[in-house]
Amino acid sequence: YVYTLWLRFPAGWTVTSVAVSGTPSCTGGGTFGGFGWSLFNGPTNEVQINHARYQAYTDSCTATYCVTVTPGGTPVAGDAQVSWYWDGDGYGGPPHWPCSSDLYTPAGMPACEQWTNPPAAVPPCTGVNLGAATTAQQGCLGFPVAFNLTLTNNTGADATFDISYAGNTWPVAGPATVGPVTDGASADVSVTHSVPALALPGQIDPVIVTATDQANPATFSSLPLSTTAVDVLVGEGPPSPGVHMDNVVAAYGGRLFNVAGYGSGGAVDIYDPATDSWSTGTPEPAPQIAYAVDGATGLDASGDAVVVLFPDTTSGATTLHVYNMVTDAWTAPPLPAGFPPAGIWAPDIVCDPASNLCYITGGATSPGGGNLNTAYVYDVAANTLTPLPPFTTPRDFHASFFHNGRLCVAGGVDAGSAVFSSTQCYDFGLGAWGAENADVAPLPLGVWGMGDGVLDISGIPTPILAGGVDASFSTVLVDVLAYDGAAWNVAASFPHAVYRVEGETLGDRFYLAGGSTGGFTPSNYLQFYGTCPAPFAPDLVLYDDLNRAELCIQKSNGAYQWTVADGTVYSGIGVVANGGTSFWTAPTDPNCIYAIVDYRRKRARAYFSNSSVPVYSSLRDSNTANNLPCGALAP
């Protein structure tokens, strides 16, 4: 077997990501395990790739890795050398630890035993090169997508470049020329690709951007880009530096914190959506709480934002482990009075930033299914714990969230391996739990090990669940479930199926970070789900399907015109609300109008009355995308 590969780039170079290119394969029946990577031993030019290879007795296995790296430090003459070292399983005869011919050996590893082949070589760039961290993106209907390109001049002289755009159907905007650019230097090129409001979800528009040296037209570089029209944002960001499962995910200061968990070595990985990149924080001290599953987030007594990890019954920790997201430091305060001294296995925790209180529900007294139906209130600043009444069904690896001012639990598994679809909510006013499934509908299937959060969708706080395992204990789910107030609906599907995972909302997206792909196989995935805003247009126009009425609303100020079939127009000023999905008139307006718009499904309903005339009218528009401009209704 082969476990790990190390790569060392020249000093001063910075590795920002590593990914598997294509599908790894073996000719003799061997297989590959899960993939992950991390910076090694501090330097930014040295990387550890964890990708186990289980070869057959006679086999040839191939995996290709794409490493994104930024050169730096002292300029390299000629090819840049990349040293390498493999970690084998130590069985049978040598070599167990082969390396490149420069005898590179990572710190702490056994000495290299065989050094036959040279380091890998990265040749110098020549001519002009256009590059981008991302060449394919999703774009919401009616909105532009920005591509940030880098033009590097290696022509041997200062140069100015013509920039051309071809192959696109949708509008593209960008510079016509860039330069002069000093030889050996780079320049930023910003290109926007606008998705039409009437594009079909799933439609892809390509564009080829070409930079041509004005002094030598034979020197050019082309970069293909593409944008996919969507009405729901779902996808994945760059992989985190470390792998995580049973981890804690928190949001603070516009960044996402992926904290500790099994397989991480206590790592703190920090994602910044503004730069679409990761950085690392101070690792968790020993003994690391590998199975935190969830954590409490809030403000400590000093007003700093913190993540609180509780003992997990297996780690040997006898205190809390508290990570300060402001100072990047860990502390170990005592357990709050009343918390089980040995810890709780796989509870779920949901926090209310307004009150700075967190609610700990369920779990188990030892690893396995849940045997606890306990609930606690945890005060982050005071480090105190108050019990709540127990809920009905013991469970762990479940979800918890707030809905309509209630604390709710959903799904999970018990000590007898029963997997639940049921929900139950605690009414703070009554100080009691309602009946199961009375306040929130049950899940469409039994599921455990999922991530949870609440996402604002058109002004409505919407519970979100993602990932997990079904009652067969073998099917890992990719579904994203959203609760619309009456039922759970599959809102999207994630690229990767994971469980024993946690999620968090940041801005207008719900993120799922890490998680197991099966068994104890942590991952470095970052997956996201979000809804698109309504396409921008100065007017909102609704066509009754039967040509009975038309409603035209000016979004900027709420001015409206309701036209009935005989051509009579009623007008006034109303209220545009919830991101343009709702409209109503004031009680003092003689015209009473209420309209609801579903931008995702492109449908709407509206009602009109004027009791003084009297006139009553309604419209039902099942396809708002084909509406003509205002005033097109024929009498």
# chains A, B, ... in the order shown; residues from 1 in each chain; ligands from 1

call {"tool": "residues_around", "arguments": {"residues": "region 42-54 of chain A", "least_positions_apart": "3", "cutoff": "8 Å", "atoms": "only C-alpha atoms", "output": "number ranges by chain"}}
result
A: 1-15, 30-39, 61

call {"tool": "write_last_selection", "arguments": {"atoms": "N, CA, C and O atoms", "output": "mmCIF file, in the first residue's frame"}}
result
data_model
loop_
_atom_site.group_PDB
_atom_site.id
_atom_site.type_symbol
_atom_site.label_atom_id
_atom_site.label_comp_id
_atom_site.auth_asym_id
_atom_site.auth_seq_id
_atom_site.Cartn_x
_atom_site.Cartn_y
_atom_site.Cartn_z
ATOM 1 N N TYR A 1 0.837 -1.200 0.000
ATOM 2 C CA TYR A 1 0.000 0.000 0.000
ATOM 3 C C TYR A 1 0.871 1.248 0.000
ATOM 4 O O TYR A 1 2.006 1.227 0.482
ATOM 5 N N VAL A 2 0.324 2.339 -0.511
ATOM 6 C CA VAL A 2 0.992 3.642 -0.438
ATOM 7 C C VAL A 2 0.019 4.608 0.231
ATOM 8 O O VAL A 2 -1.159 4.650 -0.122
ATOM 9 N N TYR A 3 0.519 5.353 1.210
ATOM 10 C CA TYR A 3 -0.375 6.184 2.009
ATOM 11 C C TYR A 3 -0.340 7.655 1.650
ATOM 12 O O TYR A 3 -1.376 8.295 1.498
ATOM 13 N N THR A 4 0.863 8.222 1.535
ATOM 14 C CA THR A 4 0.986 9.676 1.472
ATOM 15 C C THR A 4 2.071 10.078 0.482
ATOM 16 O O THR A 4 3.075 9.374 0.332
ATOM 17 N N LEU A 5 1.860 11.216 -0.175
ATOM 18 C CA LEU A 5 2.852 11.813 -1.069
ATOM 19 C C LEU A 5 3.163 13.218 -0.569
ATOM 20 O O LEU A 5 2.258 13.976 -0.240
ATOM 21 N N TRP A 6 4.468 13.558 -0.509
ATOM 22 C CA TRP A 6 4.883 14.913 -0.189
ATOM 23 C C TRP A 6 5.494 15.551 -1.431
ATOM 24 O O TRP A 6 6.200 14.882 -2.216
ATOM 25 N N LEU A 7 5.219 16.842 -1.633
ATOM 26 C CA LEU A 7 5.828 17.631 -2.707
ATOM 27 C C LEU A 7 6.458 18.878 -2.087
ATOM 28 O O LEU A 7 5.860 19.497 -1.212
ATOM 29 N N ARG A 8 7.640 19.239 -2.577
ATOM 30 C CA ARG A 8 8.286 20.471 -2.108
ATOM 31 C C ARG A 8 8.651 21.320 -3.318
ATOM 32 O O ARG A 8 9.455 20.927 -4.154
ATOM 33 N N PHE A 9 8.012 22.501 -3.422
ATOM 34 C CA PHE A 9 8.300 23.461 -4.479
ATOM 35 C C PHE A 9 9.447 24.370 -4.042
ATOM 36 O O PHE A 9 9.846 24.359 -2.873
ATOM 37 N N PRO A 10 9.982 25.197 -4.926
ATOM 38 C CA PRO A 10 11.087 26.084 -4.532
ATOM 39 C C PRO A 10 10.695 27.009 -3.384
ATOM 40 O O PRO A 10 9.520 27.367 -3.219
ATOM 41 N N ALA A 11 11.677 27.403 -2.593
ATOM 42 C CA ALA A 11 11.441 28.299 -1.460
ATOM 43 C C ALA A 11 10.815 29.597 -1.942
ATOM 44 O O ALA A 11 11.219 30.158 -2.965
ATOM 45 N N GLY A 12 9.807 30.062 -1.214
ATOM 46 C CA GLY A 12 9.118 31.293 -1.587
ATOM 47 C C GLY A 12 7.885 31.073 -2.431
ATOM 48 O O GLY A 12 7.078 31.988 -2.615
ATOM 49 N N TRP A 13 7.697 29.863 -2.956
ATOM 50 C CA TRP A 13 6.481 29.552 -3.707
ATOM 51 C C TRP A 13 5.354 29.226 -2.722
ATOM 52 O O TRP A 13 5.602 28.734 -1.614
ATOM 53 N N THR A 14 4.105 29.471 -3.126
ATOM 54 C CA THR A 14 2.957 29.267 -2.245
ATOM 55 C C THR A 14 1.936 28.351 -2.906
ATOM 56 O O THR A 14 1.416 28.668 -3.980
ATOM 57 N N VAL A 15 1.667 27.215 -2.266
ATOM 58 C CA VAL A 15 0.637 26.290 -2.739
ATOM 59 C C VAL A 15 -0.712 26.748 -2.181
ATOM 60 O O VAL A 15 -0.847 26.970 -0.986
ATOM 61 N N GLY A 30 -6.549 -2.796 -8.042
ATOM 62 C CA GLY A 30 -6.328 -1.962 -6.882
ATOM 63 C C GLY A 30 -7.315 -0.816 -6.807
ATOM 64 O O GLY A 30 -8.028 -0.514 -7.772
ATOM 65 N N THR A 31 -7.361 -0.172 -5.637
ATOM 66 C CA THR A 31 -8.297 0.926 -5.422
ATOM 67 C C THR A 31 -7.601 2.075 -4.716
ATOM 68 O O THR A 31 -6.527 1.921 -4.131
ATOM 69 N N PHE A 32 -8.245 3.243 -4.747
ATOM 70 C CA PHE A 32 -7.778 4.432 -4.040
ATOM 71 C C PHE A 32 -8.759 4.768 -2.927
ATOM 72 O O PHE A 32 -9.967 4.551 -3.062
ATOM 73 N N GLY A 33 -8.245 5.325 -1.823
ATOM 74 C CA GLY A 33 -9.086 5.785 -0.733
ATOM 75 C C GLY A 33 -9.462 7.245 -0.893
ATOM 76 O O GLY A 33 -9.354 7.820 -1.980
ATOM 77 N N GLY A 34 -9.891 7.874 0.210
ATOM 78 C CA GLY A 34 -10.287 9.279 0.174
ATOM 79 C C GLY A 34 -9.093 10.187 -0.061
ATOM 80 O O GLY A 34 -7.941 9.850 0.231
ATOM 81 N N PHE A 35 -9.380 11.383 -0.596
ATOM 82 C CA PHE A 35 -8.338 12.347 -0.937
ATOM 83 C C PHE A 35 -8.401 13.544 -0.010
ATOM 84 O O PHE A 35 -9.477 14.028 0.350
ATOM 85 N N GLY A 36 -7.236 14.034 0.403
ATOM 86 C CA GLY A 36 -7.138 15.263 1.177
ATOM 87 C C GLY A 36 -5.716 15.788 1.095
ATOM 88 O O GLY A 36 -4.781 15.070 0.708
ATOM 89 N N TRP A 37 -5.532 17.051 1.432
ATOM 90 C CA TRP A 37 -4.186 17.620 1.393
ATOM 91 C C TRP A 37 -4.066 18.695 2.450
ATOM 92 O O TRP A 37 -5.067 19.231 2.934
ATOM 93 N N SER A 38 -2.834 19.022 2.785
ATOM 94 C CA SER A 38 -2.581 20.103 3.727
ATOM 95 C C SER A 38 -1.164 20.614 3.530
ATOM 96 O O SER A 38 -0.285 19.894 3.027
ATOM 97 N N LEU A 39 -0.944 21.883 3.908
ATOM 98 C CA LEU A 39 0.418 22.408 3.938
ATOM 99 C C LEU A 39 1.188 21.680 5.018
ATOM 100 O O LEU A 39 0.634 21.339 6.066
ATOM 101 N N CYS A 61 -0.998 1.529 -10.878
ATOM 102 C CA CYS A 61 -2.009 2.508 -10.449
ATOM 103 C C CYS A 61 -1.574 3.914 -10.834
ATOM 104 O O CYS A 61 -0.394 4.259 -10.729
#

call {"tool": "residues_around", "arguments": {"residues": "Ala260 (chain A)", "least_positions_apart": "2", "cutoff": "9 Å", "atoms": "only C-alpha atoms", "output": "ChimeraX atom specification"}}
result
/A:244-248,258,262-269,283-284,288-292

call {"tool": "residues_around", "arguments": {"residues": "Ala176 (chain A)", "least_positions_apart": "4", "cutoff": "8 Å", "atoms": "only C-alpha atoms", "output": "list in words"}}
result
Asp162, Ile163 and Ser164 of chain A

call {"tool": "write_last_selection", "arguments": {"atoms": "N, CA and C atoms", "output": "short mmCIF file (atom, residue, chain, number, x, y, z; two decimals), in the first residue's frame"}}
result
data_model
loop_
_atom_site.label_atom_id
_atom_site.label_comp_id
_atom_site.auth_asym_id
_atom_site.auth_seq_id
_atom_site.Cartn_x
_atom_site.Cartn_y
_atom_site.Cartn_z
N ASP A 162 -3.96 43.51 -27.08
CA ASP A 162 -5.36 43.64 -27.46
C ASP A 162 -6.14 42.49 -26.84
N ILE A 163 -7.32 42.80 -26.30
CA ILE A 163 -8.16 41.78 -25.68
C ILE A 163 -9.43 41.63 -26.52
N SER A 164 -9.70 40.42 -26.98
CA SER A 164 -10.89 40.16 -27.80
C SER A 164 -11.74 39.08 -27.15
#

call {"tool": "atom_distance", "arguments": {"atom1": "CA of Val541 (chain A)", "atom2": "CA of Ala492 (chain A)"}}
result
28.0 Å

call {"tool": "select_by_dssp", "arguments": {"residues": "region 427-501 of chain A", "states": "strand (DSSP E)", "output": "ChimeraX atom specification"}}
result
/A:427,432-433,447-448,451-457,460-466,469-470,479-483,488-493

call {"tool": "closest_residue", "arguments": {"among": "A:Ser611, A:Thr280, A:Thr160, A:Ser458", "to": "Thr212 (chain A)", "atoms": "only C-alpha atoms"}}
result
A:Thr160

call {"tool": "closest_residue", "arguments": {"among": "A:Gly235, A:Gly515, A:Gly242, A:Gly429", "to": "Gln527 (chain A)", "atoms": "only C-alpha atoms"}}
result
A:Gly235

call {"tool": "residues_around", "arguments": {"residues": "Leu512 (chain A)", "least_positions_apart": "5", "cutoff": "8 Å", "atoms": "only C-alpha atoms", "output": "list in words"}}
result
Gly451, Ala466, Val501, Glu502, Gly503, Glu504, Tyr525, Leu526, Gln527 and Phe528 of chain A

call {"tool": "write_last_selection", "arguments": {"atoms": "C-alpha atoms", "output": "tab-separated table (two decimals), in the first residue's frame"}}
result
chain	number	residue	atom	x	y	z
A	451	GLY	CA	-25.82	19.20	8.60
A	466	ALA	CA	-28.23	18.53	3.92
A	501	VAL	CA	-21.08	16.66	8.80
A	502	GLU	CA	-22.03	20.15	9.93
A	503	GLY	CA	-23.19	23.25	8.11
A	504	GLU	CA	-23.58	26.97	8.67
A	525	TYR	CA	-15.20	19.31	0.65
A	526	LEU	CA	-16.80	22.74	0.81
A	527	GLN	CA	-20.31	22.65	-0.66
A	528	PHE	CA	-22.88	25.43	-0.80

call {"tool": "atom_distance", "arguments": {"atom1": "CA of Thr177 (chain A)", "atom2": "CA of Gly156 (chain A)"}}
result
18.9 Å

call {"tool": "closest_residue", "arguments": {"among": "A:Phe520, A:Tyr65, A:Trp278, A:Tyr376", "to": "Gly338 (chain A)", "atoms": "only C-alpha atoms"}}
result
A:Tyr376

call {"tool": "closest_atom_pairs", "arguments": {"of": "region 335-408 of chain A", "to": "region 317-325 of chain A", "cutoff": "10 Å", "atoms": "only C-alpha atoms", "output": "tab-separated table"}}
result
residue	atom	partner	partner_atom	distance
A:Leu335	CA	A:Thr319	CA	5.2
A:Pro336	CA	A:Leu320	CA	8.6
A:Pro341	CA	A:Thr318	CA	6.9
A:Ala342	CA	A:Thr318	CA	7.2
A:Gly343	CA	A:Thr318	CA	8.1
A:Asn383	CA	A:Leu320	CA	9.8

call {"tool": "write_last_selection", "arguments": {"atoms": "N, CA and C atoms", "output": "PDB file, in the first residue's frame"}}
result
ATOM      1  N   LEU A 335     -15.842  22.735  32.770  1.00  0.00           N
ATOM      2  CA  LEU A 335     -17.185  22.403  32.323  1.00  0.00           C
ATOM      3  C   LEU A 335     -18.209  23.165  33.152  1.00  0.00           C
ATOM      4  N   PRO A 336     -19.298  23.609  32.554  1.00  0.00           N
ATOM      5  CA  PRO A 336     -20.339  24.263  33.352  1.00  0.00           C
ATOM      6  C   PRO A 336     -20.992  23.256  34.284  1.00  0.00           C
ATOM      7  N   PRO A 341     -19.807  14.905  33.361  1.00  0.00           N
ATOM      8  CA  PRO A 341     -18.337  15.000  33.416  1.00  0.00           C
ATOM      9  C   PRO A 341     -17.634  14.249  32.301  1.00  0.00           C
ATOM     10  N   ALA A 342     -18.207  13.117  31.849  1.00  0.00           N
ATOM     11  CA  ALA A 342     -17.573  12.338  30.782  1.00  0.00           C
ATOM     12  C   ALA A 342     -17.920  12.858  29.396  1.00  0.00           C
ATOM     13  N   GLY A 343     -18.807  13.848  29.319  1.00  0.00           N
ATOM     14  CA  GLY A 343     -19.192  14.403  28.030  1.00  0.00           C
ATOM     15  C   GLY A 343     -20.469  13.795  27.489  1.00  0.00           C
ATOM     16  N   ASN A 383     -20.862  30.853  30.862  1.00  0.00           N
ATOM     17  CA  ASN A 383     -20.464  29.443  30.971  1.00  0.00           C
ATOM     18  C   ASN A 383     -21.311  28.719  32.010  1.00  0.00           C
TER      19      ASN A 383
END

call {"tool": "residues_around", "arguments": {"residues": "Val480 (chain A)", "least_positions_apart": "6", "cutoff": "10 Å", "atoms": "only C-alpha atoms", "output": "VMD selection string"}}
result
chain A and resid 234 450 to 452 464 to 467 488 to 494 510 528 to 529

call {"tool": "closest_residue", "arguments": {"among": "A:Asn591, A:Ser417, A:Ser474, A:Asn524", "to": "Tyr271 (chain A)", "atoms": "only C-alpha atoms"}}
result
A:Asn524

call {"tool": "residues_around", "arguments": {"residues": "Gly90 (chain A)", "least_positions_apart": "2", "cutoff": "12 Å", "atoms": "only C-alpha atoms", "output": "number ranges by chain"}}
result
A: 1-3, 86-88, 92-98, 110, 113

call {"tool": "write_last_selection", "arguments": {"atoms": "N, CA and C atoms", "output": "tab-separated table (two decimals), in the first residue's frame"}}
result
chain	number	residue	atom	x	y	z
A	1	TYR	N	0.84	-1.20	0.00
A	1	TYR	CA	0.00	0.00	0.00
A	1	TYR	C	0.87	1.25	0.00
A	2	VAL	N	0.32	2.34	-0.51
A	2	VAL	CA	0.99	3.64	-0.44
A	2	VAL	C	0.02	4.61	0.23
A	3	TYR	N	0.52	5.35	1.21
A	3	TYR	CA	-0.37	6.18	2.01
A	3	TYR	C	-0.34	7.66	1.65
A	86	TRP	N	7.49	9.44	-1.18
A	86	TRP	CA	6.33	8.58	-0.97
A	86	TRP	C	6.44	7.85	0.37
A	87	ASP	N	5.30	7.69	1.05
A	87	ASP	CA	5.24	6.93	2.29
A	87	ASP	C	4.52	5.61	2.02
A	88	GLY	N	5.27	4.50	2.05
A	88	GLY	CA	4.68	3.18	1.85
A	88	GLY	C	4.22	2.56	3.15
A	92	GLY	N	7.01	-6.17	3.67
A	92	GLY	CA	7.82	-6.79	2.63
A	92	GLY	C	9.16	-6.11	2.49
A	93	GLY	N	9.76	-6.25	1.31
A	93	GLY	CA	11.07	-5.68	1.07
A	93	GLY	C	11.02	-4.22	0.68
A	94	PRO	N	12.17	-3.54	0.78
A	94	PRO	CA	12.23	-2.14	0.38
A	94	PRO	C	12.17	-2.04	-1.15
A	95	PRO	N	11.89	-0.84	-1.70
A	95	PRO	CA	11.82	0.43	-0.96
A	95	PRO	C	10.44	0.67	-0.35
A	96	HIS	N	10.43	1.19	0.85
A	96	HIS	CA	9.20	1.63	1.49
A	96	HIS	C	9.02	3.13	1.36
A	97	TRP	N	10.15	3.86	1.22
A	97	TRP	CA	10.10	5.32	1.20
A	97	TRP	C	10.99	5.85	0.08
A	98	PRO	N	10.54	5.73	-1.18
A	98	PRO	CA	11.32	6.28	-2.29
A	98	PRO	C	11.16	7.79	-2.39
A	110	PRO	N	10.92	8.66	7.85
A	110	PRO	CA	12.14	7.85	7.70
A	110	PRO	C	12.97	8.31	6.52
A	113	GLU	N	14.94	5.70	0.93
A	113	GLU	CA	15.69	4.48	0.66
A	113	GLU	C	16.08	4.31	-0.80

call {"tool": "atom_distance", "arguments": {"atom1": "CA of Thr585 (chain A)", "atom2": "CA of Gln554 (chain A)"}}
result
13.3 Å
